[in-house]
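Heads up, model.pdb below (PDB, C-alpha atoms):
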```pdb
ATOM      1  CA  MET X 951      47.642  55.586 -66.073  1.00  0.00           C
ATOM      2  CA  SER X 952      50.922  57.489 -66.308  1.00  0.00           C
ATOM      3  CA  CYS X 953      52.704  58.999 -63.300  1.00  0.00           C
ATOM      4  CA  TRP X 954      51.714  62.580 -64.160  1.00  0.00           C
ATOM      5  CA  GLN X 955      48.066  61.493 -64.632  1.00  0.00           C
ATOM      6  CA  ALA X 956      48.095  59.769 -61.237  1.00  0.00           C
ATOM      7  CA  ARG X 957      49.553  62.877 -59.563  1.00  0.00           C
ATOM      8  CA  LEU X 958      46.927  65.082 -61.266  1.00  0.00           C
ATOM      9  CA  PHE X 959      44.118  62.754 -60.169  1.00  0.00           C
ATOM     10  CA  SER X 960      45.426  62.749 -56.570  1.00  0.00           C
ATOM     11  CA  ARG X 961      45.598  66.543 -56.483  1.00  0.00           C
ATOM     12  CA  LEU X 962      42.058  66.872 -57.873  1.00  0.00           C
ATOM     13  CA  ALA X 963      40.736  64.399 -55.316  1.00  0.00           C
ATOM     14  CA  LEU X 964      42.491  66.287 -52.501  1.00  0.00           C
ATOM     15  CA  ALA X 965      41.048  69.594 -53.736  1.00  0.00           C
ATOM     16  CA  VAL X 966      37.543  68.123 -53.748  1.00  0.00           C
ATOM     17  CA  LEU X 967      37.978  66.838 -50.186  1.00  0.00           C
ATOM     18  CA  VAL X 968      39.267  70.210 -48.950  1.00  0.00           C
ATOM     19  CA  ALA X 969      36.422  72.074 -50.645  1.00  0.00           C
ATOM     20  CA  SER X 970      33.885  69.666 -49.204  1.00  0.00           C
ATOM     21  CA  ALA X 971      35.300  70.052 -45.708  1.00  0.00           C
ATOM     22  CA  ALA X 972      35.302  73.839 -46.026  1.00  0.00           C
ATOM     23  CA  SER X 973      31.689  73.956 -47.211  1.00  0.00           C
ATOM     24  CA  SER X 974      30.329  71.577 -44.553  1.00  0.00           C
ATOM     25  CA  PRO X 975      29.467  73.130 -41.170  1.00  0.00           C
ATOM     26  CA  PRO X 976      31.362  71.754 -38.165  1.00  0.00           C
ATOM     27  CA  TRP X 977      28.118  70.247 -36.800  1.00  0.00           C
ATOM     28  CA  ALA X 978      27.298  68.291 -39.975  1.00  0.00           C
ATOM     29  CA  GLY X 979      26.084  64.835 -39.046  1.00  0.00           C
ATOM     30  CA  GLU X 980      25.249  65.785 -35.453  1.00  0.00           C
ATOM     31  CA  ALA X 981      21.859  65.070 -33.889  1.00  0.00           C
ATOM     32  CA  PRO X 982      19.296  67.897 -33.607  1.00  0.00           C
ATOM     33  CA  MET X 983      19.398  69.982 -30.431  1.00  0.00           C
ATOM     34  CA  GLN X 984      16.667  69.552 -27.806  1.00  0.00           C
ATOM     35  CA  ALA X 985      15.607  72.487 -25.625  1.00  0.00           C
ATOM     36  CA  ARG X 986      13.105  71.869 -22.829  1.00  0.00           C
ATOM     37  CA  ALA X 987      11.018  74.465 -21.011  1.00  0.00           C
ATOM     38  CA  VAL X 988      11.812  74.383 -17.294  1.00  0.00           C
ATOM     39  CA  GLU X 989      10.757  77.826 -16.047  1.00  0.00           C
ATOM     40  CA  TRP X 990       7.077  78.725 -16.279  1.00  0.00           C
ATOM     41  CA  LEU X 991       4.509  81.257 -15.148  1.00  0.00           C
ATOM     42  CA  GLN X 992       1.248  79.738 -13.915  1.00  0.00           C
ATOM     43  CA  LEU X 993      -2.210  81.316 -13.740  1.00  0.00           C
ATOM     44  CA  GLY X 994      -4.823  79.266 -11.900  1.00  0.00           C
ATOM     45  CA  PRO X 995      -6.167  76.646 -11.771  1.00  0.00           C
ATOM     46  CA  VAL X 996      -9.756  77.811 -11.584  1.00  0.00           C
ATOM     47  CA  VAL X 997     -12.986  75.831 -11.763  1.00  0.00           C
ATOM     48  CA  THR X 998     -14.697  76.027 -15.159  1.00  0.00           C
ATOM     49  CA  PRO X 999     -18.353  74.998 -14.865  1.00  0.00           C
ATOM     50  CA  LEU X1000     -20.070  73.196 -17.704  1.00  0.00           C
ATOM     51  CA  PRO X1001     -22.714  75.237 -19.558  1.00  0.00           C
ATOM     52  CA  LEU X1002     -26.360  74.678 -18.684  1.00  0.00           C
ATOM     53  CA  TYR X1003     -27.000  73.070 -22.077  1.00  0.00           C
ATOM     54  CA  HIS X1004     -24.110  70.576 -21.927  1.00  0.00           C
ATOM     55  CA  GLN X1005     -26.480  67.583 -21.808  1.00  0.00           C
ATOM     56  CA  ALA X1006     -28.515  68.748 -24.795  1.00  0.00           C
ATOM     57  CA  LYS X1007     -27.805  67.442 -28.304  1.00  0.00           C
ATOM     58  CA  GLY X1008     -26.623  69.760 -31.063  1.00  0.00           C
ATOM     59  CA  PRO X1009     -28.429  70.304 -34.397  1.00  0.00           C
ATOM     60  CA  LYS X1010     -26.632  67.253 -35.848  1.00  0.00           C
ATOM     61  CA  GLY X1011     -27.084  65.108 -32.746  1.00  0.00           C
ATOM     62  CA  GLU X1012     -23.621  65.842 -31.389  1.00  0.00           C
ATOM     63  CA  SER X1013     -22.988  65.987 -27.643  1.00  0.00           C
ATOM     64  CA  PHE X1014     -21.119  68.685 -25.747  1.00  0.00           C
ATOM     65  CA  SER X1015     -17.548  67.641 -24.924  1.00  0.00           C
ATOM     66  CA  LEU X1016     -14.650  68.917 -22.868  1.00  0.00           C
ATOM     67  CA  GLY X1017     -13.031  69.827 -26.184  1.00  0.00           C
ATOM     68  CA  ASP X1018     -15.786  72.393 -26.668  1.00  0.00           C
ATOM     69  CA  LEU X1019     -15.087  73.746 -23.194  1.00  0.00           C
ATOM     70  CA  LEU X1020     -11.383  73.964 -24.045  1.00  0.00           C
ATOM     71  CA  GLU X1021     -12.111  76.161 -27.063  1.00  0.00           C
ATOM     72  CA  PHE X1022     -14.303  78.519 -25.052  1.00  0.00           C
ATOM     73  CA  GLN X1023     -12.246  81.582 -24.085  1.00  0.00           C
ATOM     74  CA  GLN X1024     -13.142  82.824 -20.618  1.00  0.00           C
ATOM     75  CA  VAL X1025     -10.847  85.828 -21.076  1.00  0.00           C
ATOM     76  CA  GLU X1026      -9.116  87.563 -23.991  1.00  0.00           C
ATOM     77  CA  VAL X1027      -5.493  86.371 -24.193  1.00  0.00           C
ATOM     78  CA  ALA X1028      -4.302  87.998 -27.434  1.00  0.00           C
ATOM     79  CA  ASP X1029      -2.595  90.896 -25.620  1.00  0.00           C
ATOM     80  CA  TRP X1030      -1.159  88.924 -22.730  1.00  0.00           C
ATOM     81  CA  TRP X1031       2.525  89.438 -21.915  1.00  0.00           C
ATOM     82  CA  PRO X1032       2.669  88.025 -18.368  1.00  0.00           C
ATOM     83  CA  CYS X1033       5.154  88.425 -15.561  1.00  0.00           C
ATOM     84  CA  ALA X1034       5.312  87.058 -12.025  1.00  0.00           C
ATOM     85  CA  GLY X1035       2.972  88.914  -9.687  1.00  0.00           C
ATOM     86  CA  GLN X1036       0.819  90.326 -12.473  1.00  0.00           C
ATOM     87  CA  ALA X1037      -2.943  90.151 -11.767  1.00  0.00           C
ATOM     88  CA  VAL X1038      -5.600  89.112 -14.270  1.00  0.00           C
ATOM     89  CA  ASP X1039      -9.279  89.915 -13.851  1.00  0.00           C
ATOM     90  CA  TRP X1040     -11.368  86.762 -14.241  1.00  0.00           C
ATOM     91  CA  GLU X1041     -15.049  85.979 -14.467  1.00  0.00           C
ATOM     92  CA  GLU X1042     -17.506  87.136 -11.784  1.00  0.00           C
ATOM     93  CA  GLY X1043     -15.074  89.627 -10.284  1.00  0.00           C
ATOM     94  CA  ALA X1044     -12.381  87.060  -9.466  1.00  0.00           C
ATOM     95  CA  ARG X1045      -8.711  88.006  -9.769  1.00  0.00           C
ATOM     96  CA  LEU X1046      -5.882  85.578 -10.489  1.00  0.00           C
ATOM     97  CA  VAL X1047      -2.141  86.219 -10.164  1.00  0.00           C
ATOM     98  CA  TRP X1048       0.701  84.841 -12.300  1.00  0.00           C
ATOM     99  CA  GLN X1049       3.162  82.805 -10.233  1.00  0.00           C
ATOM    100  CA  ALA X1050       6.603  81.478 -11.159  1.00  0.00           C
ATOM    101  CA  VAL X1051       6.899  77.667 -11.125  1.00  0.00           C
ATOM    102  CA  LYS X1052       9.398  75.066 -12.316  1.00  0.00           C
ATOM    103  CA  GLU X1053       8.808  71.670 -13.839  1.00  0.00           C
ATOM    104  CA  ASP X1054       9.934  68.357 -12.407  1.00  0.00           C
ATOM    105  CA  THR X1055      10.886  65.237 -14.350  1.00  0.00           C
ATOM    106  CA  THR X1056       7.415  64.916 -15.906  1.00  0.00           C
ATOM    107  CA  GLY X1057       6.750  68.603 -16.546  1.00  0.00           C
ATOM    108  CA  VAL X1058       4.847  71.220 -14.595  1.00  0.00           C
ATOM    109  CA  LEU X1059       2.656  69.442 -12.054  1.00  0.00           C
ATOM    110  CA  ILE X1060      -0.548  71.404 -11.403  1.00  0.00           C
ATOM    111  CA  SER X1061      -2.168  70.996  -7.986  1.00  0.00           C
ATOM    112  CA  PHE X1062      -5.956  70.967  -7.814  1.00  0.00           C
ATOM    113  CA  SER X1063      -8.882  70.045  -5.611  1.00  0.00           C
ATOM    114  CA  GLY X1064     -12.459  69.070  -6.397  1.00  0.00           C
ATOM    115  CA  THR X1065     -14.061  66.952  -9.100  1.00  0.00           C
ATOM    116  CA  ARG X1066     -15.163  69.579 -11.620  1.00  0.00           C
ATOM    117  CA  PRO X1067     -13.288  70.630 -14.792  1.00  0.00           C
ATOM    118  CA  GLN X1068     -10.611  73.217 -14.136  1.00  0.00           C
ATOM    119  CA  VAL X1069      -8.547  75.420 -16.414  1.00  0.00           C
ATOM    120  CA  CYS X1070      -4.975  76.625 -15.937  1.00  0.00           C
ATOM    121  CA  TYR X1071      -2.634  78.752 -18.055  1.00  0.00           C
ATOM    122  CA  LEU X1072       1.120  78.237 -18.351  1.00  0.00           C
ATOM    123  CA  ALA X1073       3.417  80.770 -20.013  1.00  0.00           C
ATOM    124  CA  THR X1074       7.097  80.893 -20.904  1.00  0.00           C
ATOM    125  CA  PHE X1075       9.176  83.041 -23.241  1.00  0.00           C
ATOM    126  CA  ILE X1076      11.377  81.656 -26.009  1.00  0.00           C
ATOM    127  CA  HIS X1077      14.475  83.769 -26.647  1.00  0.00           C
ATOM    128  CA  ALA X1078      15.861  83.079 -30.131  1.00  0.00           C
ATOM    129  CA  ALA X1079      19.226  84.590 -31.058  1.00  0.00           C
ATOM    130  CA  ARG X1080      18.626  84.025 -34.768  1.00  0.00           C
ATOM    131  CA  PHE X1081      15.976  82.879 -37.212  1.00  0.00           C
ATOM    132  CA  THR X1082      15.181  79.177 -37.258  1.00  0.00           C
ATOM    133  CA  GLU X1083      12.633  76.504 -38.018  1.00  0.00           C
ATOM    134  CA  ALA X1084      11.915  74.229 -35.054  1.00  0.00           C
ATOM    135  CA  LYS X1085       9.597  71.433 -33.971  1.00  0.00           C
ATOM    136  CA  LEU X1086       7.461  72.336 -30.965  1.00  0.00           C
ATOM    137  CA  SER X1087       6.249  69.377 -28.886  1.00  0.00           C
ATOM    138  CA  VAL X1088       3.797  69.477 -25.977  1.00  0.00           C
ATOM    139  CA  HIS X1089       2.751  66.554 -23.781  1.00  0.00           C
ATOM    140  CA  SER X1090       0.002  66.206 -21.169  1.00  0.00           C
ATOM    141  CA  PRO X1091      -2.493  63.534 -20.139  1.00  0.00           C
ATOM    142  CA  HIS X1092      -5.147  66.264 -20.080  1.00  0.00           C
ATOM    143  CA  LEU X1093      -6.547  68.645 -22.699  1.00  0.00           C
ATOM    144  CA  PHE X1094      -4.588  71.672 -23.895  1.00  0.00           C
ATOM    145  CA  GLN X1095      -4.448  74.468 -26.446  1.00  0.00           C
ATOM    146  CA  VAL X1096      -1.096  76.038 -27.340  1.00  0.00           C
ATOM    147  CA  HIS X1097      -0.653  79.650 -28.432  1.00  0.00           C
ATOM    148  CA  LEU X1098       2.612  80.869 -29.953  1.00  0.00           C
ATOM    149  CA  ASP X1099       2.688  84.653 -30.272  1.00  0.00           C
ATOM    150  CA  ALA X1100      -1.128  84.765 -29.917  1.00  0.00           C
ATOM    151  CA  GLU X1101      -1.678  82.154 -32.649  1.00  0.00           C
ATOM    152  CA  VAL X1102      -3.140  78.731 -31.841  1.00  0.00           C
ATOM    153  CA  VAL X1103      -0.626  76.168 -33.117  1.00  0.00           C
ATOM    154  CA  LEU X1104      -1.521  72.969 -31.235  1.00  0.00           C
ATOM    155  CA  THR X1105      -4.671  71.486 -29.710  1.00  0.00           C
ATOM    156  CA  GLN X1106      -5.286  68.249 -27.823  1.00  0.00           C
ATOM    157  CA  LYS X1107      -8.938  67.430 -27.113  1.00  0.00           C
ATOM    158  CA  ASN X1108      -8.508  63.957 -25.640  1.00  0.00           C
ATOM    159  CA  SER X1109      -7.032  62.782 -22.353  1.00  0.00           C
ATOM    160  CA  GLY X1110      -5.319  59.783 -20.800  1.00  0.00           C
ATOM    161  CA  ALA X1111      -1.906  58.133 -20.667  1.00  0.00           C
ATOM    162  CA  LYS X1112      -1.916  57.373 -24.409  1.00  0.00           C
ATOM    163  CA  ALA X1113      -2.609  61.014 -25.262  1.00  0.00           C
ATOM    164  CA  ASP X1114       0.274  62.034 -22.993  1.00  0.00           C
ATOM    165  CA  SER X1115       2.626  59.547 -24.645  1.00  0.00           C
ATOM    166  CA  LEU X1116       1.752  60.655 -28.182  1.00  0.00           C
ATOM    167  CA  GLY X1117       1.612  64.381 -27.414  1.00  0.00           C
ATOM    168  CA  GLN X1118       1.189  67.022 -30.083  1.00  0.00           C
ATOM    169  CA  ALA X1119       3.924  68.442 -32.319  1.00  0.00           C
ATOM    170  CA  LYS X1120       4.221  71.015 -35.095  1.00  0.00           C
ATOM    171  CA  SER X1121       6.931  72.777 -37.077  1.00  0.00           C
ATOM    172  CA  VAL X1122       7.087  76.466 -36.185  1.00  0.00           C
ATOM    173  CA  THR X1123       9.064  79.468 -37.373  1.00  0.00           C
ATOM    174  CA  LEU X1124      10.968  81.492 -34.796  1.00  0.00           C
ATOM    175  CA  GLU X1125      12.272  84.881 -35.843  1.00  0.00           C
ATOM    176  CA  THR X1126      15.091  86.584 -33.967  1.00  0.00           C
ATOM    177  CA  GLY X1127      13.643  87.937 -30.740  1.00  0.00           C
ATOM    178  CA  VAL X1128      11.327  86.901 -27.913  1.00  0.00           C
ATOM    179  CA  HIS X1129       8.239  84.730 -28.401  1.00  0.00           C
ATOM    180  CA  LEU X1130       5.438  84.019 -25.941  1.00  0.00           C
ATOM    181  CA  LEU X1131       4.469  80.369 -25.563  1.00  0.00           C
ATOM    182  CA  LEU X1132       1.107  80.204 -23.801  1.00  0.00           C
ATOM    183  CA  ILE X1133      -0.598  76.910 -22.936  1.00  0.00           C
ATOM    184  CA  LYS X1134      -4.210  76.670 -21.799  1.00  0.00           C
ATOM    185  CA  THR X1135      -4.795  73.301 -20.182  1.00  0.00           C
ATOM    186  CA  LEU X1136      -8.106  71.823 -19.080  1.00  0.00           C
ATOM    187  CA  ARG X1137      -8.286  69.064 -16.498  1.00  0.00           C
ATOM    188  CA  ASP X1138     -10.559  66.148 -17.359  1.00  0.00           C
ATOM    189  CA  PRO X1139     -12.229  64.985 -14.105  1.00  0.00           C
ATOM    190  CA  GLY X1140     -12.596  61.538 -15.652  1.00  0.00           C
ATOM    191  CA  CYS X1141      -8.837  61.151 -16.160  1.00  0.00           C
ATOM    192  CA  ALA X1142      -6.895  59.763 -13.183  1.00  0.00           C
ATOM    193  CA  GLU X1143      -3.499  60.755 -14.605  1.00  0.00           C
ATOM    194  CA  PRO X1144      -1.577  63.594 -12.888  1.00  0.00           C
ATOM    195  CA  TRP X1145      -2.253  67.066 -14.289  1.00  0.00           C
ATOM    196  CA  SER X1146       1.144  67.707 -15.836  1.00  0.00           C
ATOM    197  CA  VAL X1147       2.313  69.649 -18.898  1.00  0.00           C
ATOM    198  CA  SER X1148       5.690  69.679 -20.646  1.00  0.00           C
ATOM    199  CA  ALA X1149       7.015  71.473 -23.736  1.00  0.00           C
ATOM    200  CA  SER X1150      10.202  71.267 -25.775  1.00  0.00           C
ATOM    201  CA  LEU X1151      11.796  72.444 -29.003  1.00  0.00           C
ATOM    202  CA  GLU X1152      13.829  70.414 -31.465  1.00  0.00           C
ATOM    203  CA  LEU X1153      16.253  72.576 -33.445  1.00  0.00           C
ATOM    204  CA  PRO X1154      18.723  71.875 -36.236  1.00  0.00           C
ATOM    205  CA  ALA X1155      22.197  70.761 -35.225  1.00  0.00           C
ATOM    206  CA  GLY X1156      24.552  73.651 -34.546  1.00  0.00           C
ATOM    207  CA  TRP X1157      22.345  75.492 -32.072  1.00  0.00           C
ATOM    208  CA  SER X1158      23.534  76.033 -28.501  1.00  0.00           C
ATOM    209  CA  THR X1159      21.749  76.702 -25.230  1.00  0.00           C
ATOM    210  CA  LYS X1160      23.015  80.292 -25.399  1.00  0.00           C
ATOM    211  CA  GLU X1161      21.163  80.886 -28.675  1.00  0.00           C
ATOM    212  CA  ILE X1162      17.788  79.437 -27.725  1.00  0.00           C
ATOM    213  CA  ARG X1163      16.334  79.361 -24.237  1.00  0.00           C
ATOM    214  CA  PHE X1164      13.092  79.298 -22.289  1.00  0.00           C
ATOM    215  CA  THR X1165      12.689  81.890 -19.554  1.00  0.00           C
ATOM    216  CA  THR X1166      10.077  83.751 -17.538  1.00  0.00           C
ATOM    217  CA  GLU X1167      11.726  87.092 -18.307  1.00  0.00           C
ATOM    218  CA  PRO X1168       9.189  89.164 -20.288  1.00  0.00           C
ATOM    219  CA  THR X1169      11.789  91.469 -21.851  1.00  0.00           C
ATOM    220  CA  GLN X1170      11.079  92.064 -25.544  1.00  0.00           C
ATOM    221  CA  ARG X1171      13.657  92.531 -28.291  1.00  0.00           C
ATOM    222  CA  MET X1172      12.892  94.315 -31.537  1.00  0.00           C
ATOM    223  CA  SER X1173      11.981  91.777 -34.212  1.00  0.00           C
ATOM    224  CA  ILE X1174      10.430  91.653 -37.684  1.00  0.00           C
ATOM    225  CA  ARG X1175       7.079  90.913 -36.029  1.00  0.00           C
ATOM    226  CA  HIS X1176       7.229  94.196 -34.083  1.00  0.00           C
ATOM    227  CA  LEU X1177       8.097  96.190 -37.192  1.00  0.00           C
ATOM    228  CA  MET X1178       5.198  94.711 -39.180  1.00  0.00           C
ATOM    229  CA  GLU X1179       2.546  95.144 -36.482  1.00  0.00           C
ATOM    230  CA  ALA X1180       0.489  98.319 -36.684  1.00  0.00           C
ATOM    231  CA  PRO X1181       0.445 100.548 -33.590  1.00  0.00           C
ATOM    232  CA  ARG X1182      -2.457  99.854 -31.254  1.00  0.00           C
ATOM    233  CA  ILE X1183      -4.514 102.756 -29.945  1.00  0.00           C
ATOM    234  CA  GLU X1184      -6.578 102.062 -26.847  1.00  0.00           C
ATOM    235  CA  ASP X1185      -9.507 104.128 -25.664  1.00  0.00           C
TER     236      ASP X1185
END
```

Go ahead and express the file in the form of structure tokens.
Amino acid sequence: MSCWQARLFSRLALAVLVASAASSPPWAGEAPMQARAVEWLQLGPVVTPLPLYHQAKGPKGESFSLGDLLEFQQVEVADWWPCAGQAVDWEEGARLVWQAVKEDTTGVLISFSGTRPQVCYLATFIHAARFTEAKLSVHSPHLFQVHLDAEVVLTQKNSGAKADSLGQAKSVTLETGVHLLLIKTLRDPGCAEPWSVSASLELPAGWSTKEIRFTTEPTQRMSIRHLMEAPRIED
């Protein structure tokens, strides 16, 4: 290789390196960002009695399970947008109030008494500064059903330490704006594990805590979802 060919090859190699560096984001190669929900709103717990027919067999010989009780909706939650101090009318004239709570090292620890199944709702708002795909993970040793913007995205119908360790996870799409994460959890009286719930998001590298956060502030920002939803007219 002649001298001028060597110089040309060196310059081409340098140009490729510069172009590659310019096209790669500064966070290339970094680990994904983890965001954990710390602030929550809690509604309940409240005793959820088993139906009268829970010991009867179904048409195919199946037995009633706590998973069936988890799927039963005692109240309509599609229009919920909770805030601390807000009251919710429950069954048989009861009224529950949303209260602000914070998680500890294992998640939100729910206090209870008695030996019957109980249900509790946890809510937090995800503020996303820009569009992203993320992995939502929820862990609990008890049963739960997760709603993201009124859509059921995760369900766990078993209980125990192994269920808590495995958890449930799913890829979700977060548009710019505020999203309601609502978790319905059902305590299994046969499970001796603490009644705790935790949730987190895994986002692509390059995100910061200022761009994605969990909060109990119910303030809404205009998003694509709001623009696409038809106006609701109530009687």

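For the residues X:His1129, X:His1097, X:Lys1134, X:His1092, ranking by smallest atom-to-atom distance to Thr1166 of chain X using all atoms listed in the file places X:His1129 first.
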
Can you list what the PyMOL selection byres ((chain X and resi 983) around 12) grabs from this structure, as a PyMOL selection string? chain X and resi 977+980-982+984-986+1084-1085+1150-1159+1161-1163

Just-selected residues, C-alpha atoms written as a tab-separated table (two decimals), in the frame of the given file:
```tsv
chain	number	residue	atom	x	y	z
X	977	TRP	CA	28.12	70.25	-36.80
X	980	GLU	CA	25.25	65.78	-35.45
X	981	ALA	CA	21.86	65.07	-33.89
X	982	PRO	CA	19.30	67.90	-33.61
X	984	GLN	CA	16.67	69.55	-27.81
X	985	ALA	CA	15.61	72.49	-25.62
X	986	ARG	CA	13.10	71.87	-22.83
X	1084	ALA	CA	11.92	74.23	-35.05
X	1085	LYS	CA	9.60	71.43	-33.97
X	1150	SER	CA	10.20	71.27	-25.78
X	1151	LEU	CA	11.80	72.44	-29.00
X	1152	GLU	CA	13.83	70.41	-31.46
X	1153	LEU	CA	16.25	72.58	-33.44
X	1154	PRO	CA	18.72	71.88	-36.24
X	1155	ALA	CA	22.20	70.76	-35.22
X	1156	GLY	CA	24.55	73.65	-34.55
X	1157	TRP	CA	22.34	75.49	-32.07
X	1158	SER	CA	23.53	76.03	-28.50
X	1159	THR	CA	21.75	76.70	-25.23
X	1161	GLU	CA	21.16	80.89	-28.68
X	1162	ILE	CA	17.79	79.44	-27.72
X	1163	ARG	CA	16.33	79.36	-24.24
```

Could you state which residues are captured by the PyMOL selection byres ((chain X and resi 992) around 7) in this file, as a PyMOL selection string? chain X and resi 990-991+993-994+1048-1051+1071-1073

Just to be explicit: take each residue in the selection above, keep C-alpha atoms, and write the result as a PDB file, keeping the file's coordinate frame.
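Below you can see selection03.pdb, which holds the result:
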```pdb
ATOM      1  CA  TRP X 990       7.077  78.725 -16.279  1.00  0.00           C
ATOM      2  CA  LEU X 991       4.509  81.257 -15.148  1.00  0.00           C
ATOM      3  CA  LEU X 993      -2.210  81.316 -13.740  1.00  0.00           C
ATOM      4  CA  GLY X 994      -4.823  79.266 -11.900  1.00  0.00           C
ATOM      5  CA  TRP X1048       0.701  84.841 -12.300  1.00  0.00           C
ATOM      6  CA  GLN X1049       3.162  82.805 -10.233  1.00  0.00           C
ATOM      7  CA  ALA X1050       6.603  81.478 -11.159  1.00  0.00           C
ATOM      8  CA  VAL X1051       6.899  77.667 -11.125  1.00  0.00           C
ATOM      9  CA  TYR X1071      -2.634  78.752 -18.055  1.00  0.00           C
ATOM     10  CA  LEU X1072       1.120  78.237 -18.351  1.00  0.00           C
ATOM     11  CA  ALA X1073       3.417  80.770 -20.013  1.00  0.00           C
TER      12      ALA X1073
END
```

Report as a count of residues only the residues that result from applying the PyMOL selection byres ((chain X and resi 1165) around 6) to the structure here. 6

Set the distance at 6 Å and use only C-alpha atoms: which residues neighbour Val1088 of chain X once local chain neighbours fewer than 4 positions away are removed? I'd like the list as a count of residues only. 4
